[in-house]
Amino acid sequence: MDLGLNGRKAIVCASSQGLGLACAESLAREGAVVVINGRHLDKLRAVAAELAHKTDAQVIPICADITTAEGRQALLAACPEPDILVNNNAGPPPGKLNDWTPEAWHDALQANMLSPIYLIQSVIEGMRQRKFGRIVSITSAMVKTPRPHMALSSASRTGLTAFTKALSLDAARDNVTLNQLLPERIDSPRQVAMTERMMAQEKLTWDEARTRITDNVAARRFGTLREFGDACAYLCSVQASFISGQNLQLDGGSYPALM
């Protein structure tokens with residue numbers, strides 16, 4: 001299927017590894033010009049070169065911290081009229097209520113709610129004027145199934161989810177869609193960290209921890225980065241113009257509720 005993305009311009013945040021890189025690769029494979037982003041220049045340049053070699057797409061590396069105004073401006077300077085924005089950022093670590101200081105709350109809200117909102121504000125009017133825009137925000141399955149140890153992440157990401165849902169109702173008339181991807185148990189660096197945390201807490205081997213995790217997934221396996229990236233590319237496609245304000249869960253069928 002041709003997704004109609006050849007020549008489209010995309011900004012993919014936090015995309016030097018993991019879920020962001022998976023989205024960038026899928027978009028590049030479809031012929032999009034992709035701006036990738038990270039905080040470590042050498043790593044970012046190496047990833048950009050490899051991605052361009054694999055896909056024959058134009059890949060532009062921008063070293064920037066998107067939680068800062070300067071970092072966001074660097075992305076927009078490299079791609080002032082994006083057709084696609086993929087919001088992504090590292091989430092806060094698991095913890096307990098008494099661990100979360102005012103500074104921790106500020107950092108979580110800045111990284112996972114406010115910075116994406118600021119980027120959306122910067123690009124959406126241009127998208128509406130050009131009558132094409134795709135905004136995809138990577139959040140978490142726990143915006144729908146919160147857990148106590150991940151409440152810091154869930155609270156900040158749910159705020160972004162509510163904002164994008166509200167905005168989607170107005171932007172759809174101009175062929176601008178806003179959707180969320182809700183990952184759970186995708187085999188990414190984040191999942192490696194969660195596995196290592198379980199190993200340390202419960203004195204498990206790597207294989208034991210991985211098995212315990214996948215035993216709680218309906219599909220009995222981790223999701224792949226390719227599966228995740230291709231879901232993002234589809235939401236950015238011309239075929240997905242009638243899909244907006246949605247939360248697509250990529251969890252191997254594990255979500256237990258009806259809606």
# chains A, B, ... in the order shown; residues from 1 in each chain; ligands from 1
$ residues_around --residues "Glu81 of chain A" --least-positions-apart "2" --cutoff "12 Å" --atoms "only C-alpha atoms" --output "VMD selection string"
chain A and resid 8 to 11 33 35 75 to 79 83 to 85 122 to 130 132 to 133
$ write_last_selection --atoms "C-alpha atoms" --output "PDB file, in the first residue's frame"
ATOM      1  CA  ARG A   8       6.155  14.825   3.065  1.00  0.00           C
ATOM      2  CA  LYS A   9       8.159  16.509   5.837  1.00  0.00           C
ATOM      3  CA  ALA A  10       8.167  15.001   9.311  1.00  0.00           C
ATOM      4  CA  ILE A  11       9.539  15.990  12.709  1.00  0.00           C
ATOM      5  CA  VAL A  33      11.903  13.738   4.668  1.00  0.00           C
ATOM      6  CA  VAL A  35      13.995  15.360  11.017  1.00  0.00           C
ATOM      7  CA  LEU A  75      13.534  21.577  15.361  1.00  0.00           C
ATOM      8  CA  LEU A  76      11.175  24.124  13.827  1.00  0.00           C
ATOM      9  CA  ALA A  77      14.051  25.983  12.185  1.00  0.00           C
ATOM     10  CA  ALA A  78      15.115  22.741  10.484  1.00  0.00           C
ATOM     11  CA  CYS A  79      11.543  22.010   9.367  1.00  0.00           C
ATOM     12  CA  ASP A  83       3.337  17.859   7.403  1.00  0.00           C
ATOM     13  CA  ILE A  84       3.850  15.406  10.266  1.00  0.00           C
ATOM     14  CA  LEU A  85       4.726  15.844  13.936  1.00  0.00           C
ATOM     15  CA  SER A 122       3.681  25.960  16.709  1.00  0.00           C
ATOM     16  CA  VAL A 123       2.742  23.745  13.760  1.00  0.00           C
ATOM     17  CA  ILE A 124      -0.990  23.187  13.677  1.00  0.00           C
ATOM     18  CA  GLU A 125      -2.121  26.471  12.121  1.00  0.00           C
ATOM     19  CA  GLY A 126       0.269  25.995   9.187  1.00  0.00           C
ATOM     20  CA  MET A 127      -1.005  22.456   8.737  1.00  0.00           C
ATOM     21  CA  ARG A 128      -4.580  23.706   8.690  1.00  0.00           C
ATOM     22  CA  GLN A 129      -3.779  26.367   6.116  1.00  0.00           C
ATOM     23  CA  ARG A 130      -2.073  23.767   3.883  1.00  0.00           C
ATOM     24  CA  PHE A 132      -2.810  18.449   5.500  1.00  0.00           C
ATOM     25  CA  GLY A 133      -1.415  17.569   8.884  1.00  0.00           C
TER      26      GLY A 133
END
$ select_by_dssp --residues "segment 1-247 of chain A" --states "helix (DSSP H, G or I)" --output "PyMOL selection string"
chain A and resi 18-29+41-55+69-78+97-99+102-130+141-143+148-174+189-202+206-214+225-235+238-240
$ residues_around --residues "segment 254-257 of chain A" --least-positions-apart "6" --cutoff "8 Å" --atoms "only C-alpha atoms" --output "PyMOL selection string"
chain A and resi 216-219
$ write_last_selection --atoms "N, CA and C atoms" --output "tab-separated table (two decimals), in the first residue's frame"
chain	number	residue	atom	x	y	z
A	216	ASN	N	2.04	-11.78	31.07
A	216	ASN	CA	0.92	-10.87	31.30
A	216	ASN	C	0.44	-10.19	30.02
A	217	VAL	N	1.00	-10.59	28.88
A	217	VAL	CA	0.59	-10.06	27.59
A	217	VAL	C	-0.28	-11.10	26.89
A	218	ALA	N	-1.43	-10.71	26.40
A	218	ALA	CA	-2.34	-11.68	25.77
A	218	ALA	C	-1.66	-12.43	24.63
A	219	ALA	N	-0.81	-11.73	23.86
A	219	ALA	CA	-0.12	-12.37	22.74
A	219	ALA	C	1.06	-13.22	23.17
$ select_by_dssp --residues "segment 68-120 of chain A" --states "strand (DSSP E or B)" --output "NGL selection string"
:A and (84-87)
$ write_last_selection --atoms "C-alpha atoms" --output "PDB file, in the first residue's frame"
ATOM      1  CA  ILE A  84       3.850  15.406  10.266  1.00  0.00           C
ATOM      2  CA  LEU A  85       4.726  15.844  13.936  1.00  0.00           C
ATOM      3  CA  VAL A  86       5.442  12.820  16.101  1.00  0.00           C
ATOM      4  CA  ASN A  87       5.613  13.789  19.762  1.00  0.00           C
TER       5      ASN A  87
END
$ closest_residue --among "A:Ala162, A:Ala32, A:Leu44, A:Leu182" --to "Ala64 of chain A" --atoms "only C-alpha atoms"
A:Leu44
